[in-house]
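Trainee: model.pdb is the file, holding PDB, C-alpha atoms:
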```
ATOM      1  CA  ASP A   1    -220.963 101.705 -48.074  1.00  0.00           C
ATOM      2  CA  VAL A   2    -221.121 100.937 -44.352  1.00  0.00           C
ATOM      3  CA  LYS A   3    -221.743 103.825 -42.052  1.00  0.00           C
ATOM      4  CA  VAL A   4    -221.725 104.563 -38.343  1.00  0.00           C
ATOM      5  CA  THR A   5    -222.908 108.077 -37.605  1.00  0.00           C
ATOM      6  CA  GLN A   6    -222.378 109.900 -34.347  1.00  0.00           C
ATOM      7  CA  SER A   7    -224.747 112.795 -33.977  1.00  0.00           C
ATOM      8  CA  SER A   8    -222.361 115.347 -32.493  1.00  0.00           C
ATOM      9  CA  ARG A   9    -218.690 115.789 -33.401  1.00  0.00           C
ATOM     10  CA  TYR A  10    -218.023 118.378 -30.689  1.00  0.00           C
ATOM     11  CA  LEU A  11    -219.914 119.130 -27.481  1.00  0.00           C
ATOM     12  CA  VAL A  12    -219.208 121.472 -24.576  1.00  0.00           C
ATOM     13  CA  LYS A  13    -221.187 120.851 -21.401  1.00  0.00           C
ATOM     14  CA  ARG A  14    -221.210 122.078 -17.825  1.00  0.00           C
ATOM     15  CA  THR A  15    -220.474 119.933 -14.786  1.00  0.00           C
ATOM     16  CA  GLY A  16    -223.670 118.258 -13.608  1.00  0.00           C
ATOM     17  CA  GLU A  17    -225.466 118.412 -16.957  1.00  0.00           C
ATOM     18  CA  LYS A  18    -227.047 115.333 -18.468  1.00  0.00           C
ATOM     19  CA  VAL A  19    -225.407 114.444 -21.775  1.00  0.00           C
ATOM     20  CA  PHE A  20    -226.696 112.232 -24.571  1.00  0.00           C
ATOM     21  CA  LEU A  21    -224.400 110.864 -27.267  1.00  0.00           C
ATOM     22  CA  GLU A  22    -226.242 109.227 -30.140  1.00  0.00           C
ATOM     23  CA  CYS A  23    -224.971 106.642 -32.579  1.00  0.00           C
ATOM     24  CA  VAL A  24    -226.743 105.179 -35.604  1.00  0.00           C
ATOM     25  CA  GLN A  25    -225.540 102.387 -37.902  1.00  0.00           C
ATOM     26  CA  ASP A  26    -227.046 101.420 -41.241  1.00  0.00           C
ATOM     27  CA  MET A  27    -225.551  97.931 -41.554  1.00  0.00           C
ATOM     28  CA  ASP A  28    -228.145  95.932 -39.605  1.00  0.00           C
ATOM     29  CA  HIS A  29    -225.416  94.934 -37.128  1.00  0.00           C
ATOM     30  CA  GLU A  30    -226.395  93.149 -33.951  1.00  0.00           C
ATOM     31  CA  ASN A  31    -223.494  94.347 -31.806  1.00  0.00           C
ATOM     32  CA  MET A  32    -222.824  97.948 -30.866  1.00  0.00           C
ATOM     33  CA  PHE A  33    -220.131  99.436 -28.621  1.00  0.00           C
ATOM     34  CA  TRP A  34    -219.170 102.642 -26.894  1.00  0.00           C
ATOM     35  CA  TYR A  35    -215.452 103.285 -26.361  1.00  0.00           C
ATOM     36  CA  ARG A  36    -213.611 106.140 -24.745  1.00  0.00           C
ATOM     37  CA  GLN A  37    -210.300 107.258 -26.263  1.00  0.00           C
ATOM     38  CA  ASP A  38    -207.731 109.121 -24.183  1.00  0.00           C
ATOM     39  CA  PRO A  39    -204.080 109.854 -25.051  1.00  0.00           C
ATOM     40  CA  GLY A  40    -201.772 107.143 -23.765  1.00  0.00           C
ATOM     41  CA  LEU A  41    -204.687 104.923 -22.710  1.00  0.00           C
ATOM     42  CA  GLY A  42    -205.904 103.637 -26.059  1.00  0.00           C
ATOM     43  CA  LEU A  43    -209.540 102.635 -26.485  1.00  0.00           C
ATOM     44  CA  ARG A  44    -211.402 101.536 -23.401  1.00  0.00           C
ATOM     45  CA  LEU A  45    -214.787  99.848 -23.549  1.00  0.00           C
ATOM     46  CA  ILE A  46    -217.591 101.590 -21.668  1.00  0.00           C
ATOM     47  CA  TYR A  47    -220.626  99.504 -22.648  1.00  0.00           C
ATOM     48  CA  PHE A  48    -221.560  96.878 -25.166  1.00  0.00           C
ATOM     49  CA  SER A  49    -224.934  95.841 -26.602  1.00  0.00           C
ATOM     50  CA  TYR A  50    -225.217  92.499 -28.359  1.00  0.00           C
ATOM     51  CA  ASP A  51    -228.826  93.049 -29.429  1.00  0.00           C
ATOM     52  CA  VAL A  52    -231.843  95.313 -28.972  1.00  0.00           C
ATOM     53  CA  LYS A  53    -232.547  96.096 -25.310  1.00  0.00           C
ATOM     54  CA  MET A  54    -229.464  94.076 -24.303  1.00  0.00           C
ATOM     55  CA  LYS A  55    -226.435  95.682 -22.660  1.00  0.00           C
ATOM     56  CA  GLU A  56    -223.342  94.691 -20.776  1.00  0.00           C
ATOM     57  CA  LYS A  57    -220.833  96.738 -18.832  1.00  0.00           C
ATOM     58  CA  GLY A  58    -217.384  97.140 -20.265  1.00  0.00           C
ATOM     59  CA  ASP A  59    -214.208  98.072 -18.414  1.00  0.00           C
ATOM     60  CA  ILE A  60    -215.148 101.611 -17.356  1.00  0.00           C
ATOM     61  CA  PRO A  61    -218.956 101.854 -16.990  1.00  0.00           C
ATOM     62  CA  GLU A  62    -219.012 104.070 -13.901  1.00  0.00           C
ATOM     63  CA  GLY A  63    -220.803 107.362 -14.550  1.00  0.00           C
ATOM     64  CA  TYR A  64    -222.352 106.129 -17.798  1.00  0.00           C
ATOM     65  CA  SER A  65    -225.505 104.359 -18.906  1.00  0.00           C
ATOM     66  CA  VAL A  66    -226.738 103.234 -22.319  1.00  0.00           C
ATOM     67  CA  SER A  67    -229.952 102.670 -24.200  1.00  0.00           C
ATOM     68  CA  ARG A  68    -230.697 100.467 -27.197  1.00  0.00           C
ATOM     69  CA  GLU A  69    -234.371 100.565 -28.064  1.00  0.00           C
ATOM     70  CA  LYS A  70    -233.859  99.981 -31.790  1.00  0.00           C
ATOM     71  CA  LYS A  71    -231.302  97.829 -33.568  1.00  0.00           C
ATOM     72  CA  GLU A  72    -229.723 100.704 -35.451  1.00  0.00           C
ATOM     73  CA  ARG A  73    -229.373 103.140 -32.545  1.00  0.00           C
ATOM     74  CA  PHE A  74    -227.173 103.010 -29.425  1.00  0.00           C
ATOM     75  CA  SER A  75    -227.117 105.935 -27.022  1.00  0.00           C
ATOM     76  CA  LEU A  76    -224.562 106.765 -24.347  1.00  0.00           C
ATOM     77  CA  ILE A  77    -225.839 108.797 -21.401  1.00  0.00           C
ATOM     78  CA  LEU A  78    -223.831 110.746 -18.853  1.00  0.00           C
ATOM     79  CA  GLU A  79    -226.338 111.300 -16.044  1.00  0.00           C
ATOM     80  CA  SER A  80    -224.292 114.061 -14.392  1.00  0.00           C
ATOM     81  CA  ALA A  81    -221.257 115.082 -16.412  1.00  0.00           C
ATOM     82  CA  SER A  82    -217.974 115.580 -14.619  1.00  0.00           C
ATOM     83  CA  THR A  83    -214.692 117.117 -15.802  1.00  0.00           C
ATOM     84  CA  ASN A  84    -212.987 113.703 -15.791  1.00  0.00           C
ATOM     85  CA  GLN A  85    -215.411 112.629 -18.521  1.00  0.00           C
ATOM     86  CA  THR A  86    -213.857 115.099 -20.943  1.00  0.00           C
ATOM     87  CA  SER A  87    -212.731 112.776 -23.718  1.00  0.00           C
ATOM     88  CA  MET A  88    -213.244 111.451 -27.233  1.00  0.00           C
ATOM     89  CA  TYR A  89    -216.111 108.962 -27.448  1.00  0.00           C
ATOM     90  CA  LEU A  90    -216.216 106.404 -30.224  1.00  0.00           C
ATOM     91  CA  CYS A  91    -219.183 104.301 -31.225  1.00  0.00           C
ATOM     92  CA  ALA A  92    -218.695 101.064 -33.156  1.00  0.00           C
ATOM     93  CA  SER A  93    -220.802  98.270 -34.566  1.00  0.00           C
ATOM     94  CA  ARG A  94    -220.119  94.692 -35.584  1.00  0.00           C
ATOM     95  CA  TYR A  95    -222.036  91.924 -37.296  1.00  0.00           C
ATOM     96  CA  ARG A  96    -223.055  89.127 -34.921  1.00  0.00           C
ATOM     97  CA  SER A  97    -221.701  88.099 -31.556  1.00  0.00           C
ATOM     98  CA  GLY A  98    -218.537  86.164 -30.904  1.00  0.00           C
ATOM     99  CA  ASN A  99    -214.940  87.063 -30.420  1.00  0.00           C
ATOM    100  CA  THR A 100    -213.891  87.997 -33.946  1.00  0.00           C
ATOM    101  CA  GLY A 101    -215.082  90.324 -36.626  1.00  0.00           C
ATOM    102  CA  GLU A 102    -214.443  93.841 -37.856  1.00  0.00           C
ATOM    103  CA  LEU A 103    -215.528  96.786 -35.759  1.00  0.00           C
ATOM    104  CA  PHE A 104    -216.885  99.704 -37.804  1.00  0.00           C
ATOM    105  CA  PHE A 105    -216.289 102.978 -35.995  1.00  0.00           C
ATOM    106  CA  GLY A 106    -217.950 106.352 -36.191  1.00  0.00           C
ATOM    107  CA  GLU A 107    -215.837 109.490 -36.453  1.00  0.00           C
ATOM    108  CA  GLY A 108    -216.083 110.233 -32.752  1.00  0.00           C
ATOM    109  CA  SER A 109    -217.677 112.777 -30.441  1.00  0.00           C
ATOM    110  CA  ARG A 110    -215.292 115.044 -28.594  1.00  0.00           C
ATOM    111  CA  LEU A 111    -216.860 116.050 -25.279  1.00  0.00           C
ATOM    112  CA  THR A 112    -215.532 118.846 -23.096  1.00  0.00           C
ATOM    113  CA  VAL A 113    -216.996 119.204 -19.619  1.00  0.00           C
ATOM    114  CA  LEU A 114    -216.312 122.561 -17.953  1.00  0.00           C
TER     115      LEU A 114
ATOM    116  CA  GLY B 115    -206.482  91.580 -15.709  1.00  0.00           C
ATOM    117  CA  GLU B 116    -206.205  91.335 -19.451  1.00  0.00           C
ATOM    118  CA  ASN B 117    -203.696  93.704 -20.969  1.00  0.00           C
ATOM    119  CA  VAL B 118    -202.142  94.568 -24.327  1.00  0.00           C
ATOM    120  CA  GLU B 119    -198.864  96.475 -24.367  1.00  0.00           C
ATOM    121  CA  GLN B 120    -197.936  98.347 -27.535  1.00  0.00           C
ATOM    122  CA  HIS B 121    -194.569  99.841 -28.516  1.00  0.00           C
ATOM    123  CA  PRO B 122    -193.349 102.303 -29.539  1.00  0.00           C
ATOM    124  CA  SER B 123    -195.767 105.101 -28.717  1.00  0.00           C
ATOM    125  CA  THR B 124    -194.343 107.253 -31.530  1.00  0.00           C
ATOM    126  CA  LEU B 125    -192.363 106.254 -34.606  1.00  0.00           C
ATOM    127  CA  SER B 126    -190.842 108.423 -37.321  1.00  0.00           C
ATOM    128  CA  VAL B 127    -189.507 106.874 -40.525  1.00  0.00           C
ATOM    129  CA  GLN B 128    -188.300 108.178 -43.849  1.00  0.00           C
ATOM    130  CA  GLU B 129    -190.565 107.631 -46.821  1.00  0.00           C
ATOM    131  CA  GLY B 130    -189.739 104.280 -48.387  1.00  0.00           C
ATOM    132  CA  ASP B 131    -188.393 102.749 -45.178  1.00  0.00           C
ATOM    133  CA  SER B 132    -190.127 100.032 -43.178  1.00  0.00           C
ATOM    134  CA  ALA B 133    -192.041 100.503 -39.920  1.00  0.00           C
ATOM    135  CA  VAL B 134    -192.595  97.877 -37.239  1.00  0.00           C
ATOM    136  CA  ILE B 135    -195.023  98.123 -34.321  1.00  0.00           C
ATOM    137  CA  LYS B 136    -195.035  95.477 -31.616  1.00  0.00           C
ATOM    138  CA  CYS B 137    -197.702  94.279 -29.191  1.00  0.00           C
ATOM    139  CA  THR B 138    -197.703  91.814 -26.328  1.00  0.00           C
ATOM    140  CA  TYR B 139    -200.862  90.356 -24.821  1.00  0.00           C
ATOM    141  CA  SER B 140    -201.416  88.762 -21.432  1.00  0.00           C
ATOM    142  CA  ASP B 141    -204.394  86.416 -21.880  1.00  0.00           C
ATOM    143  CA  SER B 142    -203.285  83.106 -23.398  1.00  0.00           C
ATOM    144  CA  ALA B 143    -206.906  82.466 -24.444  1.00  0.00           C
ATOM    145  CA  SER B 144    -206.742  85.350 -26.948  1.00  0.00           C
ATOM    146  CA  ASN B 145    -207.183  84.047 -30.466  1.00  0.00           C
ATOM    147  CA  TYR B 146    -207.918  87.044 -32.692  1.00  0.00           C
ATOM    148  CA  PHE B 147    -205.573  89.987 -33.315  1.00  0.00           C
ATOM    149  CA  PRO B 148    -206.761  92.935 -35.416  1.00  0.00           C
ATOM    150  CA  TRP B 149    -204.895  96.115 -36.291  1.00  0.00           C
ATOM    151  CA  TYR B 150    -206.689  99.439 -36.723  1.00  0.00           C
ATOM    152  CA  LYS B 151    -205.503 102.644 -38.377  1.00  0.00           C
ATOM    153  CA  GLN B 152    -206.876 105.990 -37.224  1.00  0.00           C
ATOM    154  CA  GLU B 153    -206.334 108.990 -39.455  1.00  0.00           C
ATOM    155  CA  LEU B 154    -206.691 112.498 -38.109  1.00  0.00           C
ATOM    156  CA  GLY B 155    -210.321 113.374 -37.378  1.00  0.00           C
ATOM    157  CA  LYS B 156    -211.613 109.918 -38.213  1.00  0.00           C
ATOM    158  CA  GLY B 157    -212.544 106.760 -36.392  1.00  0.00           C
ATOM    159  CA  PRO B 158    -210.247 103.718 -36.418  1.00  0.00           C
ATOM    160  CA  GLN B 159    -210.467 101.436 -39.436  1.00  0.00           C
ATOM    161  CA  LEU B 160    -209.440  97.785 -39.654  1.00  0.00           C
ATOM    162  CA  ILE B 161    -206.394  97.272 -41.879  1.00  0.00           C
ATOM    163  CA  ILE B 162    -205.475  93.659 -41.209  1.00  0.00           C
ATOM    164  CA  ASP B 163    -206.229  90.892 -38.732  1.00  0.00           C
ATOM    165  CA  ILE B 164    -204.870  87.481 -37.880  1.00  0.00           C
ATOM    166  CA  ARG B 165    -206.252  84.459 -36.090  1.00  0.00           C
ATOM    167  CA  SER B 166    -204.268  82.305 -33.711  1.00  0.00           C
ATOM    168  CA  ASN B 167    -204.041  79.342 -36.075  1.00  0.00           C
ATOM    169  CA  VAL B 168    -201.952  81.426 -38.497  1.00  0.00           C
ATOM    170  CA  GLY B 169    -198.407  82.666 -37.942  1.00  0.00           C
ATOM    171  CA  GLU B 170    -198.271  85.357 -40.608  1.00  0.00           C
ATOM    172  CA  LYS B 171    -200.585  87.244 -42.935  1.00  0.00           C
ATOM    173  CA  LYS B 172    -199.755  89.714 -45.658  1.00  0.00           C
ATOM    174  CA  ASP B 173    -201.789  92.241 -47.618  1.00  0.00           C
ATOM    175  CA  GLN B 174    -199.750  94.244 -50.125  1.00  0.00           C
ATOM    176  CA  ARG B 175    -197.396  96.454 -48.090  1.00  0.00           C
ATOM    177  CA  ILE B 176    -198.661  95.428 -44.668  1.00  0.00           C
ATOM    178  CA  ALA B 177    -198.087  92.195 -42.809  1.00  0.00           C
ATOM    179  CA  VAL B 178    -198.772  90.871 -39.344  1.00  0.00           C
ATOM    180  CA  THR B 179    -196.831  88.152 -37.542  1.00  0.00           C
ATOM    181  CA  LEU B 180    -197.949  86.224 -34.483  1.00  0.00           C
ATOM    182  CA  ASN B 181    -195.867  84.304 -31.946  1.00  0.00           C
ATOM    183  CA  LYS B 182    -198.339  82.529 -29.669  1.00  0.00           C
ATOM    184  CA  THR B 183    -195.648  81.077 -27.440  1.00  0.00           C
ATOM    185  CA  ALA B 184    -194.302  84.514 -26.637  1.00  0.00           C
ATOM    186  CA  LYS B 185    -197.787  86.093 -26.754  1.00  0.00           C
ATOM    187  CA  HIS B 186    -196.469  88.669 -29.124  1.00  0.00           C
ATOM    188  CA  PHE B 187    -197.645  90.041 -32.491  1.00  0.00           C
ATOM    189  CA  SER B 188    -196.314  92.731 -34.803  1.00  0.00           C
ATOM    190  CA  LEU B 189    -197.387  94.960 -37.675  1.00  0.00           C
ATOM    191  CA  HIS B 190    -194.929  95.497 -40.507  1.00  0.00           C
ATOM    192  CA  ILE B 191    -195.371  98.233 -43.095  1.00  0.00           C
ATOM    193  CA  THR B 192    -192.937  98.215 -46.001  1.00  0.00           C
ATOM    194  CA  GLU B 193    -192.171 101.007 -48.477  1.00  0.00           C
ATOM    195  CA  THR B 194    -193.887 103.543 -46.261  1.00  0.00           C
ATOM    196  CA  GLN B 195    -195.700 106.472 -47.854  1.00  0.00           C
ATOM    197  CA  PRO B 196    -196.887 109.794 -46.382  1.00  0.00           C
ATOM    198  CA  GLU B 197    -200.473 108.499 -46.337  1.00  0.00           C
ATOM    199  CA  ASP B 198    -199.380 105.807 -43.885  1.00  0.00           C
ATOM    200  CA  SER B 199    -199.004 108.560 -41.267  1.00  0.00           C
ATOM    201  CA  ALA B 200    -201.670 107.847 -38.644  1.00  0.00           C
ATOM    202  CA  VAL B 201    -202.210 106.296 -35.226  1.00  0.00           C
ATOM    203  CA  TYR B 202    -202.166 102.499 -35.224  1.00  0.00           C
ATOM    204  CA  PHE B 203    -203.857 100.340 -32.580  1.00  0.00           C
ATOM    205  CA  CYS B 204    -203.371  96.653 -31.986  1.00  0.00           C
ATOM    206  CA  ALA B 205    -206.018  94.614 -30.197  1.00  0.00           C
ATOM    207  CA  ALA B 206    -206.526  91.132 -28.830  1.00  0.00           C
ATOM    208  CA  GLY B 207    -209.839  89.316 -28.943  1.00  0.00           C
ATOM    209  CA  LEU B 208    -210.375  87.142 -25.925  1.00  0.00           C
ATOM    210  CA  GLY B 209    -211.402  83.508 -26.068  1.00  0.00           C
ATOM    211  CA  SER B 210    -214.638  82.240 -27.544  1.00  0.00           C
ATOM    212  CA  GLY B 211    -217.847  83.189 -25.798  1.00  0.00           C
ATOM    213  CA  THR B 212    -216.863  86.783 -25.237  1.00  0.00           C
ATOM    214  CA  TYR B 213    -217.224  89.918 -27.308  1.00  0.00           C
ATOM    215  CA  LYS B 214    -214.314  91.761 -25.810  1.00  0.00           C
ATOM    216  CA  TYR B 215    -211.323  93.261 -27.611  1.00  0.00           C
ATOM    217  CA  ILE B 216    -208.510  94.719 -25.501  1.00  0.00           C
ATOM    218  CA  PHE B 217    -206.787  97.545 -27.336  1.00  0.00           C
ATOM    219  CA  GLY B 218    -203.186  98.668 -27.078  1.00  0.00           C
ATOM    220  CA  THR B 219    -202.351 102.274 -26.288  1.00  0.00           C
ATOM    221  CA  GLY B 220    -201.584 103.239 -29.879  1.00  0.00           C
ATOM    222  CA  THR B 221    -198.555 104.178 -31.978  1.00  0.00           C
ATOM    223  CA  ARG B 222    -198.342 107.487 -33.798  1.00  0.00           C
ATOM    224  CA  LEU B 223    -196.496 106.853 -37.052  1.00  0.00           C
ATOM    225  CA  LYS B 224    -195.024 109.754 -38.989  1.00  0.00           C
ATOM    226  CA  VAL B 225    -193.665 109.135 -42.459  1.00  0.00           C
ATOM    227  CA  LEU B 226    -191.273 111.902 -43.430  1.00  0.00           C
ATOM    228  CA  ALA B 227    -191.151 112.848 -47.100  1.00  0.00           C
TER     229      ALA B 227
END
```
Can the structure from this file be put into structure tokens for me?

Mentor:
Amino acid sequence: DVKVTQSSRYLVKRTGEKVFLECVQDMDHENMFWYRQDPGLGLRLIYFSYDVKMKEKGDIPEGYSVSREKKERFSLILESASTNQTSMYLCASRYRSGNTGELFFGEGSRLTVL
Amino acid sequence: GENVEQHPSTLSVQEGDSAVIKCTYSDSASNYFPWYKQELGKGPQLIIDIRSNVGEKKDQRIAVTLNKTAKHFSLHITETQPEDSAVYFCAAGLGSGTYKYIFGTGTRLKVLA
């Protein structure tokens, strides 16, 4: 059974803190994604990695960075958290590159920045 | 830029009735259109998808139709059941050579028993 695991379901952080969101997939997928989900805005792509050590900016990369040192793990980093980064963060993975194919999502990490 | 509009934002139907959710995309190069269902507390899960060389696809009680000329695609759920209650997202995959899916803003479907 395919699985994408996000390390933290709920986090509360202070403004200015550095935040790490971890995602691990067990499907040997090449592609991994970080999305942000906000009411009325749908899912917006923050960063994408098509392979180990590879990354590309999505639609809203400002204030975020990512790391992919191993194929199964994709980390989202908020260098200095701000209140406008309070949101639900979803990690996803997909087999291969290209413009089709099922995204497998984790259950999400709800971040609150005070 | 690329955009996917999704309507309605909320939809309530009686159990057993049909539900229709509509999406319109802006990029004519889009050629892949998946639909995801997100249940409470879970991540989205693919329920059906369609490619641009097909006009309609059906899987049991769900179907998707695509009108490339109008740049419009729809999800149809027949004989709705309480377990169909969820948030549904449409998406459009841009042309070949890119990884990007543009998601709609979501529709919260409530099936009333």

Trainee: Counting all atoms listed in the file, which residues of chain B come no farther than 12 Å from chain A, as a ChimeraX atom specification?

Mentor: /B:115-124,143-166,201-222

Trainee: Could you please determine the separation between atom CA of His29 of chain A and atom CA of Pro61 of chain A in Å, to one decimal place?

Mentor: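 Here the two named atoms are 22.3 Å from each other.
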
Trainee: Got a sec to check which residues sit within 10 Å of (-197.2, 83.1, -25.7), counting all atoms listed in the file, and write them as a list in words?

Mentor: Thr138, Tyr139, Ser140, Asp141, Ser142, Ala143, Ser144, Leu180, Asn181, Lys182, Thr183, Ala184, Lys185, His186 and Phe187 of chain B

Trainee: Could you tell me, as a PyMOL selection string, exactly which residues end up selected when the PyMOL selection byres ((chain B and resi 128) around 9) is applied to this structure?

Mentor: chain B and resi 126-127+129-132+194-195+224-227

Trainee: For atom CA of Glu197 of chain B and atom CA of Val178 of chain B, quote the distance in Å rounded to one decimal.

Mentor: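 Taking atom CA of Glu197 of chain B and atom CA of Val178 of chain B, their separation equals 19.0 Å.
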
Trainee: Report, in Å with one decimal, the straight-line distance from atom CA of Leu111 of chain A to atom CA of Phe20 of chain A.

Mentor: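 Taking atom CA of Leu111 of chain A as the start and atom CA of Phe20 of chain A as the end point, the length is 10.6 Å.
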
Trainee: Decode the PyMOL selection byres ((chain A and resi 22) around 10) for the given file into explicit residues and return them as a PyMOL selection string.

Mentor: chain A and resi 5-8+19-21+23-24+66-67+73-77+91+109

Trainee: Choose the residue, out of A:Asp26, A:Ser93, A:Glu72, A:Asn84, that has the smallest atom-to-atom separation from Thr112 of chain A; count only C-alpha atoms.

Mentor: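 The shortest atom-to-atom distance to Thr112 of chain A comes from A:Asn84.
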
Trainee: Could you spell out the hits of the PyMOL selection byres ((chain A and resi 78-82) around 6) on the shown file, as a list of chain:residue names?

Mentor: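 Written out, the selection comes to A:Thr15, A:Gly16, A:Glu17, A:Lys18, A:Val19, A:Tyr64, A:Ile77, A:Thr83, A:Asn84, A:Gln85.
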
Trainee: Hey, could you pull the box centre and edge lengths for segment 128-142 of chain B, axis-aligned, 6 Å padding per side, all listed atoms, to one decimal in Å, as lines of an AutoDock Vina configuration file?

Mentor:
```
center_x = -196.3
center_y = 95.6
center_z = -34.9
size_x = 28.1
size_y = 37.1
size_z = 39.0
```

Trainee: Using the incomplete input, complete segment 106-113 of chain A to the level of all heavy atoms; output as a PDB file, in the frame of the given file.

Mentor:
```pdb
ATOM      1  N   GLY A 106    -217.571 105.014 -35.803  1.00  0.00           N
ATOM      2  CA  GLY A 106    -217.950 106.352 -36.191  1.00  0.00           C
ATOM      3  C   GLY A 106    -216.751 107.272 -36.104  1.00  0.00           C
ATOM      4  O   GLY A 106    -215.653 106.852 -35.725  1.00  0.00           O
ATOM      5  N   GLU A 107    -216.952 108.545 -36.434  1.00  0.00           N
ATOM      6  CA  GLU A 107    -215.837 109.490 -36.453  1.00  0.00           C
ATOM      7  C   GLU A 107    -215.548 110.096 -35.080  1.00  0.00           C
ATOM      8  O   GLU A 107    -214.575 110.827 -34.934  1.00  0.00           O
ATOM      9  CB  GLU A 107    -216.101 110.586 -37.478  1.00  0.00           C
ATOM     10  CG  GLU A 107    -216.128 110.041 -38.913  1.00  0.00           C
ATOM     11  CD  GLU A 107    -216.062 111.124 -39.950  1.00  0.00           C
ATOM     12  OE1 GLU A 107    -216.662 112.191 -39.737  1.00  0.00           O
ATOM     13  OE2 GLU A 107    -215.411 110.895 -40.991  1.00  0.00           O
ATOM     14  N   GLY A 108    -216.370 109.784 -34.107  1.00  0.00           N
ATOM     15  CA  GLY A 108    -216.083 110.233 -32.752  1.00  0.00           C
ATOM     16  C   GLY A 108    -216.849 111.475 -32.342  1.00  0.00           C
ATOM     17  O   GLY A 108    -217.230 112.300 -33.178  1.00  0.00           O
ATOM     18  N   SER A 109    -217.061 111.583 -31.039  1.00  0.00           N
ATOM     19  CA  SER A 109    -217.677 112.777 -30.441  1.00  0.00           C
ATOM     20  C   SER A 109    -216.732 113.276 -29.369  1.00  0.00           C
ATOM     21  O   SER A 109    -216.463 112.555 -28.403  1.00  0.00           O
ATOM     22  CB  SER A 109    -219.027 112.436 -29.806  1.00  0.00           C
ATOM     23  OG  SER A 109    -219.938 111.963 -30.765  1.00  0.00           O
ATOM     24  N   ARG A 110    -216.215 114.484 -29.585  1.00  0.00           N
ATOM     25  CA  ARG A 110    -215.292 115.044 -28.594  1.00  0.00           C
ATOM     26  C   ARG A 110    -216.089 115.875 -27.594  1.00  0.00           C
ATOM     27  O   ARG A 110    -216.673 116.894 -27.944  1.00  0.00           O
ATOM     28  CB  ARG A 110    -214.223 115.893 -29.254  1.00  0.00           C
ATOM     29  CG  ARG A 110    -213.194 116.410 -28.249  1.00  0.00           C
ATOM     30  CD  ARG A 110    -211.960 116.968 -28.894  1.00  0.00           C
ATOM     31  NE  ARG A 110    -211.163 115.970 -29.598  1.00  0.00           N
ATOM     32  CZ  ARG A 110    -210.335 115.127 -29.008  1.00  0.00           C
ATOM     33  NH1 ARG A 110    -210.215 115.113 -27.693  1.00  0.00           N
ATOM     34  NH2 ARG A 110    -209.630 114.270 -29.738  1.00  0.00           N
ATOM     35  N   LEU A 111    -216.096 115.402 -26.357  1.00  0.00           N
ATOM     36  CA  LEU A 111    -216.860 116.050 -25.279  1.00  0.00           C
ATOM     37  C   LEU A 111    -215.918 116.799 -24.353  1.00  0.00           C
ATOM     38  O   LEU A 111    -214.929 116.228 -23.884  1.00  0.00           O
ATOM     39  CB  LEU A 111    -217.644 114.997 -24.485  1.00  0.00           C
ATOM     40  CG  LEU A 111    -218.338 115.486 -23.211  1.00  0.00           C
ATOM     41  CD1 LEU A 111    -219.458 116.468 -23.543  1.00  0.00           C
ATOM     42  CD2 LEU A 111    -218.879 114.316 -22.401  1.00  0.00           C
ATOM     43  N   THR A 112    -216.236 118.045 -24.100  1.00  0.00           N
ATOM     44  CA  THR A 112    -215.532 118.846 -23.096  1.00  0.00           C
ATOM     45  C   THR A 112    -216.521 119.201 -22.001  1.00  0.00           C
ATOM     46  O   THR A 112    -217.603 119.742 -22.280  1.00  0.00           O
ATOM     47  CB  THR A 112    -214.955 120.132 -23.712  1.00  0.00           C
ATOM     48  OG1 THR A 112    -214.063 119.789 -24.775  1.00  0.00           O
ATOM     49  CG2 THR A 112    -214.204 120.940 -22.670  1.00  0.00           C
ATOM     50  N   VAL A 113    -216.153 118.871 -20.767  1.00  0.00           N
ATOM     51  CA  VAL A 113    -216.996 119.204 -19.619  1.00  0.00           C
ATOM     52  C   VAL A 113    -216.287 120.288 -18.791  1.00  0.00           C
ATOM     53  O   VAL A 113    -215.155 120.080 -18.324  1.00  0.00           O
ATOM     54  CB  VAL A 113    -217.283 117.968 -18.752  1.00  0.00           C
ATOM     55  CG1 VAL A 113    -218.221 118.343 -17.593  1.00  0.00           C
ATOM     56  CG2 VAL A 113    -217.905 116.851 -19.574  1.00  0.00           C
TER      57      VAL A 113
END
```
